[in-house]
Structure formats: C-alpha cells, structure tokens
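Since the structure comes first, as structure tokens, the remarks are kept for the end.
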Amino acid sequence: MTILHIDSSISGEDSVSRRLTRAIVGQLAKGEVVYRDLAAQPLSHLTERGQDPGLLDQFIAADTVVIGAPMYNFSIPTQLKAWLDRLAVAGKSFRYTESGPEGLLGDKRVIVALASGGVYEEGSLFEHQKSYLKAFFNFIGIEPEFVSAFGIGMAPTEALERADAEILALAA
Ligand SMILES: Cc1cc2nc3c(=O)[nH]c(=O)nc-3n(C[C@H](O)[C@H](O)[C@H](O)COP(=O)(O)O)c2cc1C
C-alpha cells in the first residue's frame, strides 16, 4: 500500500494538523510513504502552462492520501489550494457527461486532518475548509474521511483528545 502524506501548515513543529497527519500515517503505514511538505516546498500559483501532471500522477498512484488542512482565514492554506489546483484535470480526474460532471478517481482513500482555532456549525457562512474539501474530492469521485481538531484556540486539550479518538477509529 502506498500512502501519500501531504502537510500544508506554516507552523512547523507547533502545527496541530502536522501532529494529526503524523499519527494517522503512523497508524496506517504498512508500505511506502511518499511525503510532500507544501509549506517547506511551495508550489507556484496555477497558470495555464503550469499544470505539473506529475502531481496528479503521484496522487493517482497512491492507495491512501493523508492531508493536513489547517483553517486559515476561514478556508485552507493557499499552499494546499495550489496543490489541489493540480488535481482537477478534465479527462483525468473528472469529465463532463451529458448528465453532468463525473469523478474518475473513486478507488482511493483520502483522509483529511482538519485543525481550526474556532468552532463552525455545518452550513456556517464562515466555514470554507471542510465543506470545500468535501466538495472538491466529491467532484473527482472521492468521499473523503475527516478527523478534526476544531476549537484549538478555545479548548486545545479537548480538541486534541477528540481528534486522537477519531484517528484510532480510522483503523477500525
Ligand atoms: C494565518 C492564520 C489564520 C487563521 N485563521 C483562522 C480562521 O479563520 N478561523 C479559525 O477558526 N482559526 C484560524 N486560525 C487558527 C488555526 O486554524 C489553528 O491555529 C490551527 O491549529 C492551525 O493548524 P496548524 O496548527 O496545523 O497550523 C488561523 C491561524 C493562522 C496561523
């Protein structure tokens, strides 16, 4: 089993999402792990010529993808957005049919580790992290799994305990 491990937090060793992805990968890893640190080695903004097909190929080659996704300004880090921009490629990860769009990458496990300072109800005007990531992966045919350290700015111990329990449950 090949795992693609993606981090995007700018907070280095203090990062909550990095702590979570490390725990998830440590728990799941049985084969090769490919690691990409999008904060240490950021991708450029997407341009018409800068599609980097290798990034989509690397995503397709992984059986399981573990993604650290902090909330920055109600959404995800721009570093993570730049990577997602390389995954949505017509004809490879999705296509349009007469009845609408069809995702082409269904056969893959994607686990997203969320972290946020605050707490957001489903449907909140301010929440563009989990809902965006769910929509994005659904569009390319994947139902992502989420673990979440939400409310890290309010009650960090409880947030980490909840997330750790969710990580243990992933293996079940
Ligand atoms: C630049 C920046 C922007 C942030 N914006 C938000 C925000 O809009 N909403 C929120 O709830 N928390 C926000 N936070 C708090 C982070 O989501 C929280 O610290 C979380 O742990 C970040 O994940 P990380 O520790 O892996 O970097 C922000 C933090 C930073 C550094």
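By convention here, the chains of the structure tokens are called A, B, ... in the order presented, each chain's residues are numbered starting at 1, and ligands are numbered starting at 1 in the order presented.
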
Inset, instruction - Would you list the residues that come within 8 Å of ligand 1? Count only C-alpha atoms and all ligand atoms and give the answer as a PyMOL selection string. - result: chain A and resi 8-12+14-19+68-75+114-120+126+149-153

For Leu56 in chain A, find every residue with an atom within 8 Å (counting only C-alpha atoms), except residues of its own chain fewer than 4 positions away, and show them as a tab-separated table (two decimals) with N, CA, C and O atoms, in the first residue's frame.
chain	number	residue	atom	x	y	z
A	52	ASP	N	1.83	20.81	-14.13
A	52	ASP	CA	2.58	19.80	-13.37
A	52	ASP	C	1.88	18.45	-13.32
A	52	ASP	O	1.43	18.02	-12.26
A	60	ILE	N	-2.68	9.86	-8.08
A	60	ILE	CA	-3.35	8.67	-8.62
A	60	ILE	C	-2.63	7.40	-8.18
A	60	ILE	O	-3.27	6.39	-7.88
A	86	ARG	N	-3.77	21.33	-9.04
A	86	ARG	CA	-3.12	20.40	-9.98
A	86	ARG	C	-3.86	19.08	-10.09
A	86	ARG	O	-3.53	18.24	-10.95
A	87	LEU	N	-4.84	18.85	-9.20
A	87	LEU	CA	-5.53	17.55	-9.21
A	87	LEU	C	-6.80	17.56	-10.05
A	87	LEU	O	-7.28	16.50	-10.46

Legend entry - Every residue of range 20-124 of chain A that DSSP places in helix (DSSP H, G or I), as a ChimeraX atom specification: /A:20-28,53-61,78-84

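Secondary structure from DSSP on the backbone puts strand (DSSP E) at the following positions of range 5-81 of chain A: A:His5, A:Ile6, A:Asp7, A:Val33, A:Val34, A:Tyr35, A:Arg36, A:Asp37, A:Thr64, A:Val65, A:Val66, A:Ile67, A:Gly68, A:Ala69, A:Pro70.
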
Residues from the last selection, C-alpha atoms, saved as a PDB file, in the first residue's frame:
ATOM      1  CA  HIS A   5       1.321  12.203   3.067  1.00  0.00           C
ATOM      2  CA  ILE A   6       0.667  15.922   2.496  1.00  0.00           C
ATOM      3  CA  ASP A   7       1.228  18.725   5.019  1.00  0.00           C
ATOM      4  CA  VAL A  33       5.101   6.555   2.305  1.00  0.00           C
ATOM      5  CA  VAL A  34       5.660   9.474  -0.066  1.00  0.00           C
ATOM      6  CA  TYR A  35       5.879  12.791   1.781  1.00  0.00           C
ATOM      7  CA  ARG A  36       5.244  16.291   0.432  1.00  0.00           C
ATOM      8  CA  ASP A  37       5.541  19.410   2.592  1.00  0.00           C
ATOM      9  CA  THR A  64      -4.328   6.291   0.538  1.00  0.00           C
ATOM     10  CA  VAL A  65      -3.771  10.029   0.771  1.00  0.00           C
ATOM     11  CA  VAL A  66      -3.449  11.764   4.159  1.00  0.00           C
ATOM     12  CA  ILE A  67      -3.779  15.553   4.049  1.00  0.00           C
ATOM     13  CA  GLY A  68      -3.155  18.113   6.793  1.00  0.00           C
ATOM     14  CA  ALA A  69      -5.524  21.040   6.294  1.00  0.00           C
ATOM     15  CA  PRO A  70      -5.444  23.908   8.806  1.00  0.00           C
TER      16      PRO A  70
END

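The list of residues with at least one atom within 12 Å of Met1 in chain A, based on only C-alpha atoms and without residues fewer than 4 positions apart in the same chain, reads A:Val25, A:Leu28, A:Ala29, A:Lys30, A:Gly31, A:Glu32, A:Val33, A:Val34, A:Ala61, A:Ala62, A:Asp63, A:Thr64, A:Val65, A:Lys108, A:Arg109.
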
Would you write out those residues with N, CA, C and O atoms, as a PDB file, in the first residue's frame?
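Below is the file result_14.pdb, written as the result:
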ATOM      1  N   VAL A  25      -0.679   8.587   9.626  1.00  0.00           N
ATOM      2  CA  VAL A  25       0.231   7.815   8.772  1.00  0.00           C
ATOM      3  C   VAL A  25       0.927   6.734   9.605  1.00  0.00           C
ATOM      4  O   VAL A  25       1.071   5.587   9.166  1.00  0.00           O
ATOM      5  N   LEU A  28      -1.476   3.889   9.964  1.00  0.00           N
ATOM      6  CA  LEU A  28      -1.881   3.151   8.757  1.00  0.00           C
ATOM      7  C   LEU A  28      -0.712   2.523   8.016  1.00  0.00           C
ATOM      8  O   LEU A  28      -0.905   1.535   7.305  1.00  0.00           O
ATOM      9  N   ALA A  29       0.497   3.121   8.165  1.00  0.00           N
ATOM     10  CA  ALA A  29       1.582   2.796   7.238  1.00  0.00           C
ATOM     11  C   ALA A  29       1.982   1.328   7.295  1.00  0.00           C
ATOM     12  O   ALA A  29       2.359   0.826   8.348  1.00  0.00           O
ATOM     13  N   LYS A  30       1.877   0.680   6.149  1.00  0.00           N
ATOM     14  CA  LYS A  30       2.364  -0.695   6.044  1.00  0.00           C
ATOM     15  C   LYS A  30       3.334  -0.821   4.881  1.00  0.00           C
ATOM     16  O   LYS A  30       4.086  -1.748   4.805  1.00  0.00           O
ATOM     17  N   GLY A  31       3.305   0.140   3.982  1.00  0.00           N
ATOM     18  CA  GLY A  31       4.191   0.080   2.816  1.00  0.00           C
ATOM     19  C   GLY A  31       4.940   1.382   2.639  1.00  0.00           C
ATOM     20  O   GLY A  31       5.369   2.006   3.596  1.00  0.00           O
ATOM     21  N   GLU A  32       5.015   1.807   1.380  1.00  0.00           N
ATOM     22  CA  GLU A  32       5.769   3.018   1.056  1.00  0.00           C
ATOM     23  C   GLU A  32       4.994   4.271   1.456  1.00  0.00           C
ATOM     24  O   GLU A  32       3.771   4.332   1.294  1.00  0.00           O
ATOM     25  N   VAL A  33       5.705   5.255   2.014  1.00  0.00           N
ATOM     26  CA  VAL A  33       5.101   6.555   2.305  1.00  0.00           C
ATOM     27  C   VAL A  33       5.840   7.614   1.496  1.00  0.00           C
ATOM     28  O   VAL A  33       7.065   7.736   1.584  1.00  0.00           O
ATOM     29  N   VAL A  34       5.091   8.359   0.698  1.00  0.00           N
ATOM     30  CA  VAL A  34       5.660   9.474  -0.066  1.00  0.00           C
ATOM     31  C   VAL A  34       5.222  10.751   0.642  1.00  0.00           C
ATOM     32  O   VAL A  34       4.031  10.940   0.902  1.00  0.00           O
ATOM     33  N   ALA A  61      -1.307   7.460  -8.086  1.00  0.00           N
ATOM     34  CA  ALA A  61      -0.521   6.267  -7.741  1.00  0.00           C
ATOM     35  C   ALA A  61      -0.697   5.837  -6.284  1.00  0.00           C
ATOM     36  O   ALA A  61      -0.427   4.684  -5.938  1.00  0.00           O
ATOM     37  N   ALA A  62      -1.151   6.744  -5.428  1.00  0.00           N
ATOM     38  CA  ALA A  62      -1.294   6.409  -4.003  1.00  0.00           C
ATOM     39  C   ALA A  62      -2.609   5.678  -3.749  1.00  0.00           C
ATOM     40  O   ALA A  62      -3.637   5.999  -4.336  1.00  0.00           O
ATOM     41  N   ASP A  63      -2.552   4.675  -2.862  1.00  0.00           N
ATOM     42  CA  ASP A  63      -3.786   3.995  -2.450  1.00  0.00           C
ATOM     43  C   ASP A  63      -4.536   4.851  -1.436  1.00  0.00           C
ATOM     44  O   ASP A  63      -5.753   4.921  -1.425  1.00  0.00           O
ATOM     45  N   THR A  64      -3.762   5.463  -0.534  1.00  0.00           N
ATOM     46  CA  THR A  64      -4.328   6.291   0.538  1.00  0.00           C
ATOM     47  C   THR A  64      -3.597   7.625   0.555  1.00  0.00           C
ATOM     48  O   THR A  64      -2.375   7.663   0.409  1.00  0.00           O
ATOM     49  N   VAL A  65      -4.360   8.684   0.719  1.00  0.00           N
ATOM     50  CA  VAL A  65      -3.771  10.029   0.771  1.00  0.00           C
ATOM     51  C   VAL A  65      -4.197  10.672   2.094  1.00  0.00           C
ATOM     52  O   VAL A  65      -5.381  10.696   2.429  1.00  0.00           O
ATOM     53  N   LYS A 108     -10.031   5.269  -4.122  1.00  0.00           N
ATOM     54  CA  LYS A 108      -8.911   5.796  -3.337  1.00  0.00           C
ATOM     55  C   LYS A 108      -9.431   6.239  -1.977  1.00  0.00           C
ATOM     56  O   LYS A 108     -10.529   6.762  -1.854  1.00  0.00           O
ATOM     57  N   ARG A 109      -8.607   6.033  -0.922  1.00  0.00           N
ATOM     58  CA  ARG A 109      -8.973   6.515   0.405  1.00  0.00           C
ATOM     59  C   ARG A 109      -8.276   7.853   0.664  1.00  0.00           C
ATOM     60  O   ARG A 109      -7.048   7.922   0.585  1.00  0.00           O
TER      61      ARG A 109
END

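For the pair CA of Leu168 in chain A and CA of Pro156 in chain A, the interatomic distance is 18.4 Å.
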
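Closest to Glu161 in chain A among A:Pro77, A:Leu20, A:Gln129, A:Gly141 is A:Leu20, based on only C-alpha atoms.
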
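Going from CA of Ser124 in chain A over to CA of Glu166 in chain A, you cover 22.5 Å.
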
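Put simply, CA of Leu4 in chain A is 19.2 Å away from CA of Gln51 in chain A.
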
Inset, instruction - Quick one: everything within 12 Å of Pro144 in chain A, counting only C-alpha atoms, minus sequence neighbours fewer than 5 positions away in the same chain. Send it as a list in words. - result: Thr64, Val65, Val66, Ile67, Leu105, Gly106, Asp107, Lys108, Arg109, Val110, Ile111, Val112, Ala113, Leu114, Lys130, Ser131, Tyr132, Leu133, Lys134, Ala135, Phe136, Phe137, Asn138 and Phe139 of chain A

Export, as a CSV table (one decimal), in the first residue's frame, the selected residues with N, CA, C and O atoms.
chain,number,residue,atom,x,y,z
A,64,THR,N,-3.8,5.5,-0.5
A,64,THR,CA,-4.3,6.3,0.5
A,64,THR,C,-3.6,7.6,0.6
A,64,THR,O,-2.4,7.7,0.4
A,65,VAL,N,-4.4,8.7,0.7
A,65,VAL,CA,-3.8,10.0,0.8
A,65,VAL,C,-4.2,10.7,2.1
A,65,VAL,O,-5.4,10.7,2.4
A,66,VAL,N,-3.2,11.1,2.9
A,66,VAL,CA,-3.4,11.8,4.2
A,66,VAL,C,-3.1,13.2,4.0
A,66,VAL,O,-1.9,13.5,3.7
A,67,ILE,N,-4.0,14.1,4.3
A,67,ILE,CA,-3.8,15.6,4.0
A,67,ILE,C,-4.0,16.4,5.3
A,67,ILE,O,-5.1,16.3,5.9
A,105,LEU,N,-11.8,9.3,-10.0
A,105,LEU,CA,-10.8,8.7,-9.1
A,105,LEU,C,-11.4,8.1,-7.9
A,105,LEU,O,-10.8,8.1,-6.8
A,106,GLY,N,-12.5,7.4,-8.0
A,106,GLY,CA,-13.2,6.8,-6.9
A,106,GLY,C,-12.5,5.8,-6.1
A,106,GLY,O,-12.8,5.7,-4.9
A,107,ASP,N,-11.6,5.1,-6.6
A,107,ASP,CA,-11.0,4.0,-6.0
A,107,ASP,C,-9.8,4.4,-5.1
A,107,ASP,O,-8.7,3.9,-5.3
A,108,LYS,N,-10.0,5.3,-4.1
A,108,LYS,CA,-8.9,5.8,-3.3
A,108,LYS,C,-9.4,6.2,-2.0
A,108,LYS,O,-10.5,6.8,-1.9
A,109,ARG,N,-8.6,6.0,-0.9
A,109,ARG,CA,-9.0,6.5,0.4
A,109,ARG,C,-8.3,7.9,0.7
A,109,ARG,O,-7.0,7.9,0.6
A,110,VAL,N,-9.0,8.9,1.0
A,110,VAL,CA,-8.5,10.2,1.3
A,110,VAL,C,-8.9,10.5,2.7
A,110,VAL,O,-10.1,10.5,3.0
A,111,ILE,N,-7.9,10.8,3.6
A,111,ILE,CA,-8.2,11.2,5.0
A,111,ILE,C,-7.7,12.6,5.2
A,111,ILE,O,-6.5,12.8,4.9
A,112,VAL,N,-8.5,13.5,5.6
A,112,VAL,CA,-8.1,14.9,5.8
A,112,VAL,C,-8.1,15.2,7.3
A,112,VAL,O,-9.1,14.9,8.0
A,113,ALA,N,-7.0,15.7,7.8
A,113,ALA,CA,-6.9,16.1,9.2
A,113,ALA,C,-7.1,17.6,9.3
A,113,ALA,O,-6.2,18.4,8.8
A,114,LEU,N,-8.2,18.0,9.8
A,114,LEU,CA,-8.5,19.5,9.9
A,114,LEU,C,-8.1,20.0,11.3
A,114,LEU,O,-8.1,19.3,12.3
A,130,LYS,N,-13.7,22.4,5.6
A,130,LYS,CA,-14.2,21.1,5.4
A,130,LYS,C,-15.2,21.0,4.2
A,130,LYS,O,-15.1,20.1,3.4
A,131,SER,N,-16.1,22.0,4.1
A,131,SER,CA,-17.1,21.9,3.1
A,131,SER,C,-16.4,22.0,1.7
A,131,SER,O,-16.8,21.3,0.8
A,132,TYR,N,-15.4,22.9,1.6
A,132,TYR,CA,-14.7,23.0,0.3
A,132,TYR,C,-14.0,21.7,0.0
A,132,TYR,O,-14.1,21.2,-1.2
A,133,LEU,N,-13.3,21.1,1.0
A,133,LEU,CA,-12.5,19.9,0.7
A,133,LEU,C,-13.4,18.7,0.3
A,133,LEU,O,-13.1,17.9,-0.5
A,134,LYS,N,-14.6,18.7,1.0
A,134,LYS,CA,-15.5,17.6,0.7
A,134,LYS,C,-16.0,17.8,-0.7
A,134,LYS,O,-16.1,16.8,-1.5
A,135,ALA,N,-16.4,19.0,-1.1
A,135,ALA,CA,-16.9,19.3,-2.4
A,135,ALA,C,-15.9,19.0,-3.5
A,135,ALA,O,-16.1,18.3,-4.5
A,136,PHE,N,-14.6,19.4,-3.2
A,136,PHE,CA,-13.6,19.2,-4.2
A,136,PHE,C,-13.3,17.7,-4.4
A,136,PHE,O,-13.3,17.2,-5.6
A,137,PHE,N,-13.2,16.9,-3.3
A,137,PHE,CA,-12.9,15.5,-3.5
A,137,PHE,C,-14.2,14.7,-4.1
A,137,PHE,O,-14.0,13.8,-4.9
A,138,ASN,N,-15.3,15.1,-3.7
A,138,ASN,CA,-16.6,14.5,-4.2
A,138,ASN,C,-16.6,14.7,-5.8
A,138,ASN,O,-16.9,13.8,-6.5
A,139,PHE,N,-16.2,15.9,-6.2
A,139,PHE,CA,-16.2,16.2,-7.6
A,139,PHE,C,-15.3,15.3,-8.4
A,139,PHE,O,-15.6,15.0,-9.6

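For the set A:Asp164, A:Glu48, A:Glu145, A:Glu122, the residue with the smallest atom-to-atom gap to Val89 in chain A is A:Glu48, counting only C-alpha atoms.
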
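Among A:Glu13, A:Thr78, A:Arg22, A:Ile3, the residue with the shortest atom-to-atom distance to Gln58 in chain A, counting only C-alpha atoms, is A:Ile3.
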